[in-house]
Amino acid sequence: MFRVVLLGLLLVCASARGAAVHVVPLEGAIGPASADFARRGIERAAKEGAELVVLRIDTPGGLDTSMREIIKAILASPVPVAAYVAPSGARAASAGTFILYAAHIAAMAPGTNLGAASPVSIGGGFSEKDEKKGGGADTMTRKVTNDAVAYIRGLAELRKRNADWAEKAVREGASLPAQEALKLKVIEHVAADLPALLGALNKGSLQVKTVQIDWRTRVLGVITNPTVAYLMILVGIYALIFEFMNPGLILPGVIGGIALLLALYALHLLPVNYAGLALIVLGIAFMAAEAFLPAFGALGVGGLVAFVLGSILLIDDETELPGFDIPYALIGGVAVASAGFLIFVLGMLAKSRRRPVVTGREQLVGSAGEALEDFAAEGWARVRGEQWRVRSTAPVRRGQRLRVTAMKGLVLDVVPEGD
């Protein structure tokens, strides 16, 4: 009997642990890091037997690929997902509107808004900017817009929400505050806070568990920042060049390899223009080649131009989302530093060309020496602290000063001083 009661208590405790509401914050621009965090949060809630997942949204929009990853996770979730735009003052603009339409339950806090879902770049992302190209837009823009309209209408019909307004949000960039969204059946609930929302959903008695942003999401968020990815490319390439110039140092090669691999992973997740990436690599290669193959600045200047153009083209900045572009000030600063380094290298090369030779065969010609013996045609002399076999067309006395005029093999041609 005791065992039966104990088993019953264990089952009740397990059920109580599973009966929870998981709150997953989705804040800031939607990118690879936030998409990965939201997807794992939804999957974790399903594994732990949660009764509801609440995506707490406050976003200006984000990348199309990241948005679709979150929507796929919502549609595949066995646990109902509620998209809740909160707190007051928050918004679900652009990609956030698509996510809200995909959720099983849509809710907003008073003083929030959604909409402005016009696509503004092919494959790049969505932004809050109102696109006003209309019928004059080119064919590709119309294709992208029509694809976005079909996508959001499909989500609206799946969740029995206002599909006409959804299309208006995409084509015209329309927006709605919370109360109007409720009247137009874009959302189902307006709730002041999370307890009010859970009460409206009859989930008020459940335990609320907020999913905290973990280290993986933070690291992914850092390396997928276009500015950080851009700097990692530069660090990686310059470190490898330094390693090749100084074989055996090891550390620059290790740092360069790690930085370059992380940068390539980040660029794989971001909307990258690979022509821009190729221009950056080509520009750095040209500037490095200038140091080894002096071309009077042609390689260096050409490399600098290619580097700047590649940096501007690297990330598709038409999304106009904060955090998803490379600041021009950074590009300018790196370009100026590269130009300064190039001028320094060229200046050193020019000085080295004007500097007299101090080593090798050429250094001996014109050097002074002293005869070590009397000889008429060929004998021994000391030149620059070393004994050399020397040849002269005039007789030479021991101790006489000599001047080297040429070197043939291991024999120096000399003339007596004063001749």
# chains A, B, ... in the order shown; residues from 1 in each chain; ligands from 1
$ select_by_dssp --residues "segment 58-189 of chain A" --states "strand (DSSP E)" --output "PDB file with C-alpha atoms, in the first residue's frame"
ATOM      1  CA  ASP A  58       9.767  43.090 -28.930  1.00  0.00           C
ATOM      2  CA  VAL A  81       2.816  28.695 -28.801  1.00  0.00           C
ATOM      3  CA  ALA A  82       1.466  32.109 -27.828  1.00  0.00           C
ATOM      4  CA  ALA A  83       3.085  35.169 -29.410  1.00  0.00           C
ATOM      5  CA  TYR A  84       2.772  37.998 -26.900  1.00  0.00           C
ATOM      6  CA  VAL A  85       3.947  41.515 -27.847  1.00  0.00           C
ATOM      7  CA  ARG A  91       6.454  46.169 -31.132  1.00  0.00           C
ATOM      8  CA  ALA A  92       6.296  43.216 -33.497  1.00  0.00           C
ATOM      9  CA  ALA A  93       7.344  44.979 -36.682  1.00  0.00           C
ATOM     10  CA  ILE A 105      -2.332  32.319 -29.945  1.00  0.00           C
ATOM     11  CA  ALA A 106      -1.686  36.010 -30.706  1.00  0.00           C
ATOM     12  CA  ALA A 107      -1.773  38.609 -27.951  1.00  0.00           C
ATOM     13  CA  MET A 108      -0.547  42.143 -27.331  1.00  0.00           C
ATOM     14  CA  ASN A 113       1.945  47.751 -32.214  1.00  0.00           C
ATOM     15  CA  LEU A 114       2.612  45.373 -35.109  1.00  0.00           C
ATOM     16  CA  GLY A 115       2.911  45.556 -38.907  1.00  0.00           C
ATOM     17  CA  PRO A 119      10.190  43.014 -47.707  1.00  0.00           C
ATOM     18  CA  VAL A 120      13.035  45.309 -48.724  1.00  0.00           C
ATOM     19  CA  SER A 121      15.828  43.057 -49.933  1.00  0.00           C
ATOM     20  CA  GLY A 125      15.545  40.568 -44.504  1.00  0.00           C
ATOM     21  CA  PHE A 126      12.494  42.571 -43.539  1.00  0.00           C
ATOM     22  CA  SER A 175       0.694  49.043 -38.822  1.00  0.00           C
ATOM     23  CA  LEU A 176      -1.855  48.562 -36.024  1.00  0.00           C
ATOM     24  CA  PRO A 177      -1.988  49.317 -32.284  1.00  0.00           C
ATOM     25  CA  HIS A 189      -6.221  38.899 -26.719  1.00  0.00           C
TER      26      HIS A 189
END
$ residues_around --residues "Ile99 of chain A" --least-positions-apart "5" --cutoff "9 Å" --atoms "only C-alpha atoms" --output "list in words"
Met67, Arg68, Ile70, Ile71, Ile74, Ala83 and Ala92 of chain A
$ atom_distance --atom1 "atom CA of Val208 of chain A" --atom2 "atom CA of Ser88 of chain A"
19.9 Å
$ residues_around --residues "segment 403-405 of chain A" --least-positions-apart "2" --cutoff "7 Å" --atoms "only C-alpha atoms" --output "list in words"
Leu364, Val365, Gly366, Ser367, Ala368, Gly369, Leu412, Asp413, Val414, Val415, Pro416 and Glu417 of chain A
$ closest_residue --among "A:Ala38, A:Ala102, A:Val21, A:Ile233" --to "Gln207 of chain A" --atoms "only C-alpha atoms"
A:Val21
$ residues_around --residues "segment 236-247 of chain A" --least-positions-apart "6" --cutoff "9 Å" --atoms "only C-alpha atoms" --output "CSV table (one decimal) with N, CA and C atoms, in the first residue's frame"
chain,number,residue,atom,x,y,z
A,253,GLY,N,49.5,32.0,-36.6
A,253,GLY,CA,48.8,31.0,-37.4
A,253,GLY,C,47.6,30.4,-36.7
A,254,VAL,N,47.7,30.1,-35.4
A,254,VAL,CA,46.6,29.6,-34.6
A,254,VAL,C,45.5,30.6,-34.5
A,255,ILE,N,45.9,31.8,-34.1
A,255,ILE,CA,44.9,32.9,-33.9
A,255,ILE,C,44.2,33.2,-35.3
A,256,GLY,N,45.0,33.3,-36.3
A,256,GLY,CA,44.4,33.5,-37.7
A,256,GLY,C,43.4,32.4,-38.1
A,257,GLY,N,43.8,31.2,-37.9
A,257,GLY,CA,43.0,30.1,-38.3
A,257,GLY,C,41.6,30.1,-37.6
A,258,ILE,N,41.7,30.3,-36.3
A,258,ILE,CA,40.5,30.3,-35.5
A,258,ILE,C,39.6,31.5,-35.9
A,259,ALA,N,40.2,32.7,-36.0
A,259,ALA,CA,39.4,33.8,-36.4
A,259,ALA,C,38.7,33.7,-37.7
A,260,LEU,N,39.5,33.1,-38.7
A,260,LEU,CA,39.0,33.0,-40.0
A,260,LEU,C,37.8,32.0,-40.1
A,261,LEU,N,38.0,30.9,-39.4
A,261,LEU,CA,36.9,29.9,-39.3
A,261,LEU,C,35.6,30.4,-38.7
A,263,ALA,N,34.8,33.5,-38.6
A,263,ALA,CA,34.2,34.5,-39.5
A,263,ALA,C,33.4,33.9,-40.6
A,281,VAL,N,39.4,40.0,-49.8
A,281,VAL,CA,40.6,39.1,-49.8
A,281,VAL,C,41.6,39.6,-50.9
A,284,ILE,N,43.5,42.8,-49.7
A,284,ILE,CA,44.5,42.5,-48.7
A,284,ILE,C,45.7,41.8,-49.4
A,285,ALA,N,45.4,40.9,-50.3
A,285,ALA,CA,46.5,40.2,-51.0
A,285,ALA,C,47.3,41.1,-51.8
A,288,ALA,N,49.5,43.2,-49.4
A,288,ALA,CA,50.6,42.4,-48.9
A,288,ALA,C,51.6,42.2,-50.0
